[in-house]
Structures are given as structure tokens and as C-alpha cells.
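Asker: Structure file input-v7.txt, compact mmCIF, C-alpha atoms, is pasted below:
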```txt
# COMPACT_ATOMS: atom_id res chain seq x y z
CA MET A 1 -61.58 -171.06 -34.25
CA ALA A 2 -59.95 -167.71 -33.42
CA THR A 3 -59.91 -166.71 -29.81
CA ALA A 4 -61.55 -163.46 -28.86
CA PRO A 5 -59.11 -160.74 -27.85
CA HIS A 6 -58.96 -159.74 -24.13
CA GLU A 7 -61.27 -156.88 -23.34
CA LYS A 8 -59.56 -153.82 -21.91
CA SER A 9 -61.09 -151.49 -19.39
CA PRO A 10 -61.80 -148.11 -20.82
CA ALA A 11 -59.00 -145.60 -20.07
CA LEU A 12 -59.73 -142.41 -18.22
CA GLY A 13 -60.00 -139.90 -20.95
CA PRO A 14 -59.52 -136.18 -20.74
CA TYR A 15 -63.25 -135.72 -20.19
CA THR A 16 -63.19 -137.75 -16.98
CA GLU A 17 -60.16 -135.86 -15.56
CA THR A 18 -61.74 -132.57 -16.51
CA SER A 19 -65.00 -133.47 -14.78
CA THR A 20 -63.18 -134.39 -11.53
CA ALA A 21 -61.19 -131.16 -11.59
CA SER A 22 -64.32 -129.18 -12.33
CA LYS A 23 -66.02 -130.61 -9.21
CA ASN A 24 -63.08 -129.53 -7.05
CA SER A 25 -62.92 -126.11 -8.63
CA SER A 26 -66.66 -125.62 -8.25
CA SER A 27 -66.53 -126.48 -4.54
CA PHE A 28 -63.59 -124.09 -4.10
CA SER A 29 -65.29 -121.35 -6.06
CA ALA A 30 -68.26 -121.53 -3.70
CA PHE A 31 -66.03 -120.31 -0.86
CA SER A 32 -63.78 -118.04 -2.90
CA PRO A 33 -65.96 -114.92 -2.41
CA LEU A 34 -65.77 -115.37 1.35
CA ALA A 35 -62.03 -116.03 1.18
CA ASN A 36 -61.47 -112.95 -0.97
CA ALA A 37 -63.61 -110.79 1.33
CA TYR A 38 -61.73 -112.01 4.40
CA SER A 39 -58.39 -111.41 2.67
CA ARG A 40 -59.36 -107.85 1.76
CA PHE A 41 -60.68 -107.24 5.30
CA SER A 42 -57.44 -108.56 6.86
CA GLY A 43 -55.37 -106.37 4.56
CA TRP A 44 -57.45 -103.34 5.48
CA ARG A 45 -57.00 -104.06 9.22
CA THR A 46 -53.25 -104.41 8.75
CA THR A 47 -53.03 -101.01 7.07
CA LEU A 48 -54.74 -99.41 10.09
CA GLY A 49 -51.78 -100.31 12.30
CA LEU A 50 -53.94 -101.00 15.36
CA PRO A 51 -51.94 -102.13 18.42
CA ASN A 52 -52.60 -105.23 20.48
CA PRO A 53 -54.79 -104.14 23.46
CA GLY A 54 -53.43 -106.71 25.92
CA THR A 55 -55.47 -109.21 27.86
CA VAL A 56 -58.57 -108.54 29.93
CA GLU A 57 -56.72 -109.90 32.96
CA ASN A 58 -54.14 -107.11 32.62
CA LEU A 59 -56.69 -104.40 31.83
CA GLN A 60 -55.90 -102.62 35.11
CA LYS A 61 -52.31 -103.81 35.45
CA GLU A 62 -50.77 -100.33 35.90
CA VAL A 63 -53.26 -99.39 38.63
CA LYS A 64 -52.67 -102.64 40.53
CA THR A 65 -48.89 -102.16 40.51
CA THR A 66 -49.30 -98.58 41.79
CA HIS A 67 -51.81 -99.23 44.57
CA LEU A 68 -51.08 -101.18 47.75
CA THR A 69 -53.84 -103.78 47.47
CA ASN A 70 -51.48 -106.54 46.31
CA PHE A 71 -48.52 -105.45 48.48
CA ILE A 72 -49.84 -104.47 51.92
CA PHE A 73 -49.25 -106.89 54.81
CA ASP A 74 -49.05 -106.87 58.59
CA GLY A 75 -46.98 -108.73 61.14
CA ALA A 76 -43.48 -110.03 60.44
CA ARG A 77 -42.46 -111.61 57.16
CA ALA A 78 -39.23 -113.09 55.83
CA ASP A 79 -38.47 -114.41 52.33
CA LEU A 80 -35.25 -116.35 51.78
CA MET A 81 -34.50 -117.11 48.13
CA LYS A 82 -31.67 -119.10 46.61
CA GLY A 83 -30.92 -119.24 42.89
CA LEU A 84 -29.62 -122.57 41.65
CA SER A 85 -29.55 -121.91 37.91
CA MET A 86 -29.84 -119.00 35.50
CA ASP A 87 -30.54 -120.67 32.15
CA PRO A 88 -32.99 -122.22 32.66
CA ALA A 89 -33.97 -120.25 35.77
CA PHE A 90 -34.42 -122.36 38.89
CA GLN A 91 -34.79 -121.06 42.42
CA VAL A 92 -36.20 -122.14 45.78
CA THR A 93 -37.87 -119.95 48.41
CA HIS A 94 -38.50 -120.23 52.14
CA SER A 95 -41.22 -117.85 53.39
CA PHE A 96 -42.20 -117.16 57.00
CA GLN A 97 -45.08 -115.03 58.30
CA LEU A 98 -45.85 -114.32 61.97
CA ALA A 99 -48.05 -112.09 64.16
CA SER A 100 -50.53 -111.17 61.43
CA GLN A 101 -54.04 -110.05 62.38
CA SER A 102 -55.65 -111.72 59.38
CA VAL A 103 -53.36 -114.67 58.51
CA PRO A 104 -52.22 -117.40 60.95
CA PRO A 105 -48.47 -118.10 61.31
CA THR A 106 -47.31 -119.94 58.21
CA TYR A 107 -44.23 -121.42 56.61
CA THR A 108 -44.17 -121.96 52.86
CA PHE A 109 -41.61 -123.67 50.66
CA GLY A 110 -41.66 -122.73 46.99
CA ALA A 111 -39.81 -123.63 43.83
CA LEU A 112 -39.74 -121.96 40.42
CA PHE A 113 -38.48 -123.21 37.05
CA ALA A 114 -38.60 -121.07 33.91
CA ASN A 115 -37.27 -121.05 30.38
CA PRO A 116 -38.42 -119.05 27.33
CA LYS A 117 -41.46 -121.34 26.79
CA VAL A 118 -42.30 -122.98 30.12
CA LEU A 119 -42.96 -121.60 33.61
CA LEU A 120 -43.43 -123.98 36.55
CA GLN A 121 -44.13 -122.74 40.07
CA GLY A 122 -45.16 -124.69 43.16
CA ASN A 123 -45.71 -124.04 46.88
CA VAL A 124 -46.39 -126.17 49.93
CA ASP A 125 -47.04 -124.88 53.45
CA HIS A 126 -46.59 -126.42 56.88
CA GLU A 127 -50.19 -127.72 56.92
CA GLY A 128 -49.75 -129.67 53.69
CA ASN A 129 -51.64 -127.33 51.36
CA VAL A 130 -50.14 -127.59 47.87
CA SER A 131 -50.54 -125.13 44.99
CA GLY A 132 -48.96 -125.05 41.55
CA ARG A 133 -48.96 -123.12 38.32
CA LEU A 134 -47.93 -124.12 34.80
CA GLN A 135 -47.64 -121.75 31.85
CA GLN A 136 -46.78 -123.07 28.38
CA SER A 137 -46.13 -120.75 25.43
CA TRP A 138 -46.84 -122.71 22.27
CA SER A 139 -46.07 -119.75 20.03
CA ALA A 140 -45.95 -115.97 20.18
CA SER A 141 -49.76 -115.91 19.99
CA ASN A 142 -50.86 -118.98 21.98
CA THR A 143 -50.34 -119.53 25.71
CA SER A 144 -51.91 -122.17 27.95
CA LYS A 145 -52.08 -121.92 31.74
CA VAL A 146 -52.97 -124.40 34.47
CA GLN A 147 -53.42 -123.58 38.16
CA ALA A 148 -54.22 -126.14 40.83
CA GLN A 149 -54.59 -126.19 44.59
CA LEU A 150 -54.94 -129.13 46.96
CA GLY A 151 -56.20 -128.10 50.39
CA MET A 152 -56.42 -130.12 53.56
CA GLN A 153 -59.81 -128.59 54.34
CA PRO A 154 -63.03 -129.22 52.37
CA GLY A 155 -63.67 -126.63 49.68
CA HIS A 156 -60.02 -125.57 49.37
CA THR A 157 -59.26 -127.73 46.32
CA MET A 158 -59.54 -126.21 42.86
CA ILE A 159 -58.22 -126.41 39.33
CA GLN A 160 -58.23 -123.73 36.64
CA LEU A 161 -57.53 -124.22 32.94
CA GLU A 162 -56.92 -121.19 30.73
CA HIS A 163 -55.80 -120.35 27.20
CA ASP A 164 -54.83 -116.98 25.71
CA TYR A 165 -54.71 -116.12 22.02
CA SER A 166 -53.15 -112.82 21.01
CA GLY A 167 -53.96 -111.56 17.52
CA LEU A 168 -52.64 -108.57 15.65
CA ASP A 169 -55.13 -106.14 17.21
CA TYR A 170 -57.23 -108.30 19.55
CA THR A 171 -56.97 -110.89 22.32
CA LEU A 172 -59.11 -113.91 23.19
CA ASN A 173 -59.22 -115.73 26.50
CA ALA A 174 -61.05 -118.88 27.60
CA LYS A 175 -61.04 -120.04 31.21
CA VAL A 176 -62.70 -122.85 33.13
CA ILE A 177 -62.64 -123.32 36.92
CA ASN A 178 -63.44 -126.63 38.63
CA PRO A 179 -65.11 -128.24 35.60
CA SER A 180 -67.01 -131.49 36.10
CA PRO A 181 -67.47 -133.78 33.07
CA LEU A 182 -70.28 -135.65 34.86
CA ASP A 183 -72.86 -132.90 35.31
CA GLY A 184 -71.17 -129.98 33.51
CA SER A 185 -70.86 -127.91 36.66
CA GLY A 186 -68.14 -125.33 37.05
CA ILE A 187 -67.31 -121.75 36.16
CA TYR A 188 -66.71 -120.88 32.50
CA VAL A 189 -65.30 -117.49 31.47
CA GLY A 190 -64.69 -116.10 28.01
CA SER A 191 -63.37 -112.65 27.07
CA TYR A 192 -62.61 -110.69 23.91
CA LEU A 193 -60.78 -107.35 23.67
CA GLN A 194 -60.49 -105.52 20.33
CA SER A 195 -58.66 -102.33 19.38
CA VAL A 196 -61.02 -100.09 17.42
CA SER A 197 -58.47 -97.28 17.10
CA LYS A 198 -54.86 -96.68 18.09
CA ARG A 199 -56.01 -95.40 21.48
CA LEU A 200 -59.36 -97.08 22.18
CA ALA A 201 -60.10 -100.77 22.81
CA LEU A 202 -63.52 -102.31 23.51
CA GLY A 203 -64.33 -105.76 24.80
CA ILE A 204 -66.70 -108.11 26.57
CA GLU A 205 -66.29 -110.75 29.25
CA THR A 206 -68.97 -113.38 29.95
CA LEU A 207 -69.11 -115.64 33.01
CA TYR A 208 -71.28 -118.76 33.12
CA GLN A 209 -71.58 -120.51 36.47
CA ARG A 210 -73.32 -123.84 36.89
CA ALA A 211 -73.53 -125.21 40.41
CA ALA A 212 -75.93 -128.08 39.59
CA LEU A 213 -78.18 -129.32 36.79
CA ASP A 214 -80.95 -126.87 37.68
CA GLN A 215 -78.79 -124.00 38.96
CA ALA A 216 -77.07 -121.83 36.35
CA GLU A 217 -76.22 -118.15 36.14
CA MET A 218 -74.64 -116.04 33.41
CA THR A 219 -73.36 -112.47 33.63
CA SER A 220 -71.52 -110.25 31.16
CA SER A 221 -69.19 -107.29 31.59
CA TYR A 222 -68.49 -104.61 29.00
CA LEU A 223 -64.96 -103.23 28.89
CA ALA A 224 -63.29 -100.10 27.53
CA LYS A 225 -59.65 -98.99 27.59
CA LEU A 226 -58.39 -95.57 26.49
CA THR A 227 -54.67 -94.90 26.21
CA GLY A 228 -53.01 -91.51 25.92
CA SER A 229 -51.25 -90.55 22.73
CA ASN A 230 -47.86 -90.71 24.42
CA GLY A 231 -48.75 -93.77 26.54
CA LYS A 232 -48.36 -91.82 29.79
CA TRP A 233 -51.96 -92.30 30.94
CA ILE A 234 -54.54 -95.09 30.73
CA ALA A 235 -58.25 -94.99 31.61
CA THR A 236 -60.39 -98.13 31.86
CA THR A 237 -64.05 -98.89 32.51
CA GLN A 238 -65.77 -102.16 33.37
CA PHE A 239 -69.58 -102.22 33.54
CA GLN A 240 -72.05 -104.97 34.43
CA PRO A 241 -75.77 -104.49 33.64
CA ILE A 242 -76.71 -105.75 37.12
CA GLY A 243 -75.47 -102.39 38.45
CA VAL A 244 -71.71 -102.73 38.98
CA LEU A 245 -69.24 -100.17 37.61
CA GLN A 246 -65.48 -99.92 38.01
CA ALA A 247 -63.43 -97.08 36.53
CA THR A 248 -59.67 -96.59 36.84
CA TYR A 249 -57.17 -93.95 35.79
CA TRP A 250 -53.36 -94.25 35.78
CA HIS A 251 -50.90 -91.48 34.98
CA LYS A 252 -47.12 -91.56 34.72
CA LEU A 253 -46.18 -88.14 36.05
CA SER A 254 -42.46 -88.62 35.53
CA GLU A 255 -39.92 -91.37 35.10
CA LYS A 256 -40.04 -92.09 38.84
CA VAL A 257 -43.55 -91.05 39.90
CA GLU A 258 -46.88 -92.73 39.06
CA ALA A 259 -50.39 -91.95 40.31
CA ALA A 260 -53.60 -93.96 40.03
CA ALA A 261 -57.28 -93.70 40.99
CA ASP A 262 -59.95 -96.38 41.27
CA LEU A 263 -63.73 -96.02 41.64
CA GLN A 264 -66.04 -98.95 42.35
CA VAL A 265 -69.81 -98.41 42.39
CA ILE A 266 -72.47 -101.01 43.23
CA ALA A 267 -76.06 -99.96 42.48
CA ALA A 268 -77.83 -103.33 42.72
CA PRO A 269 -81.39 -103.56 44.06
CA MET A 270 -80.24 -105.23 47.30
CA ARG A 271 -77.01 -103.27 47.79
CA ARG A 272 -75.72 -99.78 47.16
CA ASP A 273 -72.11 -98.93 47.85
CA ALA A 274 -69.17 -96.99 46.44
CA ILE A 275 -65.44 -96.93 47.19
CA ALA A 276 -62.90 -94.47 45.79
CA THR A 277 -59.15 -95.05 46.07
CA VAL A 278 -56.20 -92.86 45.12
CA GLY A 279 -52.55 -93.79 45.37
CA ALA A 280 -49.05 -92.97 44.20
CA LYS A 281 -45.76 -94.78 43.71
CA TYR A 282 -42.27 -93.28 43.90
CA ASP A 283 -39.32 -95.21 42.46
CA LEU A 284 -36.07 -93.97 43.94
CA ARG A 285 -32.56 -95.20 43.26
CA MET A 286 -32.56 -98.01 45.84
CA SER A 287 -36.13 -97.94 47.17
CA THR A 288 -39.81 -97.85 46.24
CA PHE A 289 -42.47 -95.98 48.23
CA ARG A 290 -46.23 -96.47 47.81
CA ALA A 291 -49.01 -94.49 49.51
CA GLN A 292 -52.76 -94.94 49.30
CA LEU A 293 -55.97 -93.33 50.60
CA ASP A 294 -59.55 -94.55 50.16
CA SER A 295 -63.03 -93.32 51.00
CA THR A 296 -63.48 -95.84 53.84
CA GLY A 297 -60.99 -93.91 55.95
CA LYS A 298 -57.97 -96.13 55.38
CA VAL A 299 -54.54 -94.58 54.91
CA SER A 300 -51.71 -96.97 54.07
CA ALA A 301 -48.09 -96.79 53.00
CA LEU A 302 -45.30 -99.19 52.16
CA LEU A 303 -41.56 -98.63 51.81
CA GLU A 304 -39.23 -101.18 50.25
CA GLN A 305 -35.59 -100.30 50.79
CA ARG A 306 -32.89 -102.31 49.05
CA PHE A 307 -29.58 -101.95 50.87
CA ALA A 308 -27.80 -104.36 48.52
CA PRO A 309 -28.76 -106.33 45.43
CA SER A 310 -29.37 -109.39 47.63
CA PHE A 311 -31.00 -107.73 50.68
CA ALA A 312 -34.21 -105.70 50.98
CA PHE A 313 -36.11 -104.36 53.99
CA THR A 314 -39.85 -103.60 53.87
CA VAL A 315 -42.05 -101.58 56.24
CA ALA A 316 -45.83 -101.37 55.79
CA GLY A 317 -48.52 -99.58 57.79
CA GLU A 318 -52.24 -98.95 57.63
CA ILE A 319 -54.55 -96.76 59.73
CA ASP A 320 -58.32 -97.14 59.64
CA HIS A 321 -59.69 -93.83 60.98
CA PHE A 322 -63.36 -94.92 60.98
CA LYS A 323 -62.69 -98.13 62.95
CA ASN A 324 -59.87 -96.62 65.02
CA ALA A 325 -57.54 -99.51 64.13
CA ALA A 326 -53.99 -99.79 62.84
CA LYS A 327 -51.71 -102.45 61.34
CA VAL A 328 -47.94 -102.54 60.97
CA GLY A 329 -45.80 -104.95 58.99
CA VAL A 330 -42.06 -105.54 58.81
CA GLY A 331 -40.35 -107.82 56.31
CA VAL A 332 -36.95 -108.80 54.99
CA MET A 333 -35.96 -110.42 51.71
CA ILE A 334 -32.60 -112.15 51.32
CA GLU A 335 -31.35 -113.58 48.06
CA SER A 336 -28.38 -115.90 47.75
CA THR A 337 -26.91 -117.91 44.93
CA SER A 338 -24.35 -120.64 44.45
CA LEU A 339 -23.56 -119.51 40.90
CA THR A 340 -20.26 -118.03 39.82
CA PRO A 341 -20.17 -114.55 38.20
CA GLU A 342 -19.60 -116.20 34.84
CA GLU A 343 -22.69 -118.39 35.28
CA MET A 344 -24.73 -115.33 36.22
CA GLY A 345 -23.57 -113.48 33.12
CA MET A 346 -21.63 -110.86 35.07
CA VAL A 347 -18.61 -109.20 33.47
CA PRO A 348 -15.41 -109.63 35.52
CA PRO A 349 -13.87 -106.42 36.90
CA PRO A 350 -11.13 -104.69 34.89
CA GLY A 351 -7.77 -106.39 35.28
CA GLN A 352 -9.29 -109.75 36.19
CA PRO A 353 -8.24 -112.43 33.69
CA HIS A 354 -10.91 -114.04 31.52
CA PHE A 355 -10.93 -117.82 31.62
```
Show me the file's structure as C-alpha cells.
Answerer:
Amino acid sequence: MATAPHEKSPALGPYTETSTASKNSSSFSAFSPLANAYSRFSGWRTTLGLPNPGTVENLQKEVKTTHLTNFIFDGARADLMKGLSMDPAFQVTHSFQLASQSVPPTYTFGALFANPKVLLQGNVDHEGNVSGRLQQSWSASNTSKVQAQLGMQPGHTMIQLEHDYSGLDYTLNAKVINPSPLDGSGIYVGSYLQSVSKRLALGIETLYQRAALDQAEMTSSYLAKLTGSNGKWIATTQFQPIGVLQATYWHKLSEKVEAAADLQVIAAPMRRDAIATVGAKYDLRMSTFRAQLDSTGKVSALLEQRFAPSFAFTVAGEIDHFKNAAKVGVGVMIESTSLTPEEMGMVPPPGQPHF
């Protein structure tokens, strides 16, 4: 009796392969109109040549560097810095502050490490309070930041996580402060700034604060930034619907002179207030002078004189005419390094042999 031949499984014919490919192509074709529309929209945005507007955090950067708010101090201050390396950069700092009317006497030791992608900075004072900052650049468009502080007193401990994304003509920022994975409490901030023309940028910043399960609050701010055609002046506006408005104007009068104005208005139901501030900065060959006047009657000035590349002397003063009070500050900054001129990238003087 003849044995029956072995049965063979049917081979995948061209119909089966074609049906599988058709399923893939049909699923792709469902999204192809959206992909084509986005591609055309991206190409159109590229042809506009819109600039990157910068981050919301630096919206008023020029005004802050011109005014004295971040530079004024009183009492005596000394900063001693020593550079240990240039590439990567590594330096340590000893800071002393005495006889201040607002800050108790403090000593702070700090260290800084930086290379093209990573920035590490830490400080510790004589009471044991520790603070640190980490900045990691993953690419030209993505940057992550971490800030932390450990305080010896209750309520002085915090952590902040942040990420920046910089697009061709827009920036995105996400920030969270003291998040708790147990109850979701913390402060959450998100911002978006978009260039709508070569001179105008519009944006929004939203803050969501949750103190407990049944306590939550959300506020939004609307932003605008207008830049002059030659980049010599910048005007910004930040408005909150609860009745808070801040407007700034910065103008570069010359290569060495800058002027800035700031107006803050609060028109909330429980509070009404307004403060106007004007200031100027003069950059001389070996010194920088800042002066400021506000509507509360405060007149302040600061002079930073650099006698040598490694030595600077600072004098600051403020007079409050309405309160009949005055503050004076004196500071020195000394920089030293153990690096050779070759390690610092300095060119030897003429006639000196090159090794």
C-alpha cells in the first residue's frame, strides 16, 4: 500500500504579503494628512525667520542687570576666590559678611565646577545650611536644572526641579518646587513664550499651588516682549487677571551707558499699591557705576572699581528719604590662582621662549 505524501503547510503567497503591507500603509495613510500639514506648517515657520524669544525667567534680564536690586548690600563684605582649574573650570570661594542691618554675620564656603555641559555649584555656611545647584545641558535645546537647600531651621529645606526646551522660535519651561508624591502637594509652574514676529513675543505662565488635598490655587500670567529693530531697547509686560501688572523698559544709550525703568502696580480688592523705579549703569574702563531712584523715596548707588584683574573694591549706599534712614556697604573681592600662564591660556610676553 502506498504511503500518503507528507502534507505541506501552505506558503505565504503574494496575496498574504500584500494584505499585510496594505494594513500598514492604511494605518500610515490615516496620519499622513496630519504629518503633511505639520510639515508644511513647520516649513512656513522656518521661512519667517522668527528669532528665539528667550526664556520667561530671563524676560527682564537686561533690567535686572541695570538696576541695583540684585547688587545692593550693606555692612562689610569680602569674597576670596581661588581658581584651581580652567578646563574644566573649578574654583572655591570664601565669603564673609559683617555689620549688616538685615543679614546676621555669616561665613560661606562655596565651590563651583563647570564644563560645556555640566554646572555644579554648592555652598555651606557656618550654621550648617547647605545649598546646591546642578545644570545639565543634554543638547542645544534641552537643559535640566536642580536646586536644593537643606536648612537647620524648620521650613528652610526645599528642592526645585526644572527643565527648559528651546525651539526655533519658542521656549517651554516646566518647574516643580517641593513636590510630594504622597498627596501631590507642591508648587507647579509651566510657561510658554512664542515669537509672533521678529520683534514681538507673547507668552503665558501658569502656577498651580497645592498645600493639601483640599487646598489648591492656580494663577496665570500673560507676557509680552517687544524688542527694537536694532536691539537697543526692550519693553516687557507681565499681567495677572487678579490685578497685578509689571512693565519694564530697557534702553542701551551707548556702548557704555544703559538705562532702565520698572513699574509695578497692584490693584487687588484688598490691596492697592504702585512702585516706579528708574536706574542707569555706566561701564567704564576699569569700573562699573549703578544708580537707582524709586517712588518710595529710596536713592541708591553702587561703584565697583577694579584696580587689577584679581582685585576689586565695591562701595554701596542707600538713602531712604521717607524713613530718614541710610545704609552703607563696603566690599572687596580678591581672586588668586595656582595655575601657570600656559594653563590659563595666556600668551607669553614677546621674547619669552615657548616650551
Asker: Determine, for each residue of range 42-85 of chain A having at least one atom at most 10 Å from an atom of range 241-248 of chain A, the closest pair of atoms and their separation in Å to one decimal, counting all atoms listed in the file; order by chain and ascending number, as a tab-separated table.
Answerer:
```
residue	atom	partner	partner_atom	distance
A:Leu59	CA	A:Thr248	CA	9.7
A:Gln60	CA	A:Thr248	CA	7.3
A:Glu62	CA	A:Thr248	CA	9.7
A:Val63	CA	A:Thr248	CA	7.2
A:Lys64	CA	A:Thr248	CA	10.0
```
Asker: Which residue out of A:Thr277, A:Gly297, A:Gly83, A:Ala216 has the minimum interatomic distance to Asn324 in chain A when only C-alpha atoms are used?
Answerer: A:Gly297
Asker: Show which residues sit within 8 Å of Tyr170 in chain A, as number ranges by chain. Count all atoms listed in the file, and ignore same-chain residues fewer than 6 positions away.
Answerer: A: 52-54, 192-195
Asker: For range 281-292 of chain A, please output as number ranges by chain all residues within 10 Å (counting only C-alpha atoms; exclusion window: fewer than 2 positions along the same chain).
Answerer: A: 65-69, 71-72, 252, 254-261, 277-279, 294, 298-309, 312-318
Asker: Skipping near chain neighbours, those fewer than 5 positions away, what residues fall within 12 Å of Asp169 in chain A using all atoms listed in the file, listed as a PyMOL selection string?
Answerer: chain A and resi 42+45-55+141+192-203
Asker: Give me, as number ranges by chain, all polymer residues having an atom no more than 7 Å from Val118 in chain A, counting all atoms listed in the file and skipping those fewer than 3 positions away in the same chain.
Answerer: A: 114-115, 135-137
Asker: Counting all atoms listed in the file, figure out which residue out of A:Ala268, A:Glu57, A:Leu293, A:Ala140 gets nearest to Lys175 in chain A.
Answerer: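 Going through A:Ala268, A:Glu57, A:Leu293, A:Ala140 one by one, the smallest distance to Lys175 in chain A is for A:Glu57.
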Asker: Which distance in Å separates CA of Leu150 in chain A and CA of Asn178 in chain A, to one decimal?
Answerer: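 Rounded to one decimal, the two atoms are 12.2 Å apart.
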Asker: Rebuild range 129-147 of chain A to N, CA and C atoms - output it as a compact mmCIF listing (two decimals), in the frame of the given file, please.
Answerer:
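Result saved to result-v2.txt:
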```txt
# COMPACT_ATOMS: atom_id res chain seq x y z
N ASN A 129 -50.93 -127.91 52.50
CA ASN A 129 -51.64 -127.33 51.36
C ASN A 129 -50.66 -127.12 50.20
N VAL A 130 -51.02 -127.62 49.04
CA VAL A 130 -50.14 -127.59 47.87
C VAL A 130 -50.81 -126.77 46.77
N SER A 131 -50.05 -125.90 46.13
CA SER A 131 -50.54 -125.13 44.99
C SER A 131 -49.47 -125.11 43.92
N GLY A 132 -49.90 -125.05 42.67
CA GLY A 132 -48.96 -125.05 41.55
C GLY A 132 -49.50 -124.30 40.37
N ARG A 133 -48.59 -123.88 39.52
CA ARG A 133 -48.96 -123.12 38.32
C ARG A 133 -48.06 -123.53 37.17
N LEU A 134 -48.65 -123.76 36.02
CA LEU A 134 -47.93 -124.12 34.80
C LEU A 134 -48.35 -123.18 33.70
N GLN A 135 -47.38 -122.62 33.00
CA GLN A 135 -47.64 -121.75 31.85
C GLN A 135 -46.79 -122.23 30.68
N GLN A 136 -47.45 -122.55 29.58
CA GLN A 136 -46.78 -123.07 28.38
C GLN A 136 -47.06 -122.14 27.20
N SER A 137 -46.00 -121.61 26.61
CA SER A 137 -46.13 -120.75 25.43
C SER A 137 -45.89 -121.60 24.19
N TRP A 138 -46.96 -121.89 23.47
CA TRP A 138 -46.84 -122.71 22.27
C TRP A 138 -46.25 -121.91 21.11
N SER A 139 -46.58 -120.65 21.06
CA SER A 139 -46.07 -119.75 20.03
C SER A 139 -46.18 -118.33 20.58
N ALA A 140 -45.85 -117.36 19.73
CA ALA A 140 -45.95 -115.97 20.18
C ALA A 140 -47.39 -115.54 20.41
N SER A 141 -48.36 -116.29 19.88
CA SER A 141 -49.76 -115.91 19.99
C SER A 141 -50.57 -116.82 20.91
N ASN A 142 -50.09 -118.02 21.21
CA ASN A 142 -50.86 -118.98 21.98
C ASN A 142 -50.15 -119.34 23.27
N THR A 143 -50.87 -119.21 24.38
CA THR A 143 -50.34 -119.53 25.71
C THR A 143 -51.40 -120.27 26.50
N SER A 144 -51.02 -121.39 27.10
CA SER A 144 -51.91 -122.17 27.95
C SER A 144 -51.43 -122.08 29.39
N LYS A 145 -52.39 -122.04 30.33
CA LYS A 145 -52.08 -121.92 31.74
C LYS A 145 -52.91 -122.92 32.53
N VAL A 146 -52.29 -123.48 33.56
CA VAL A 146 -52.97 -124.40 34.47
C VAL A 146 -52.61 -124.00 35.90
N GLN A 147 -53.62 -123.85 36.75
CA GLN A 147 -53.42 -123.58 38.16
C GLN A 147 -54.20 -124.61 38.97
```
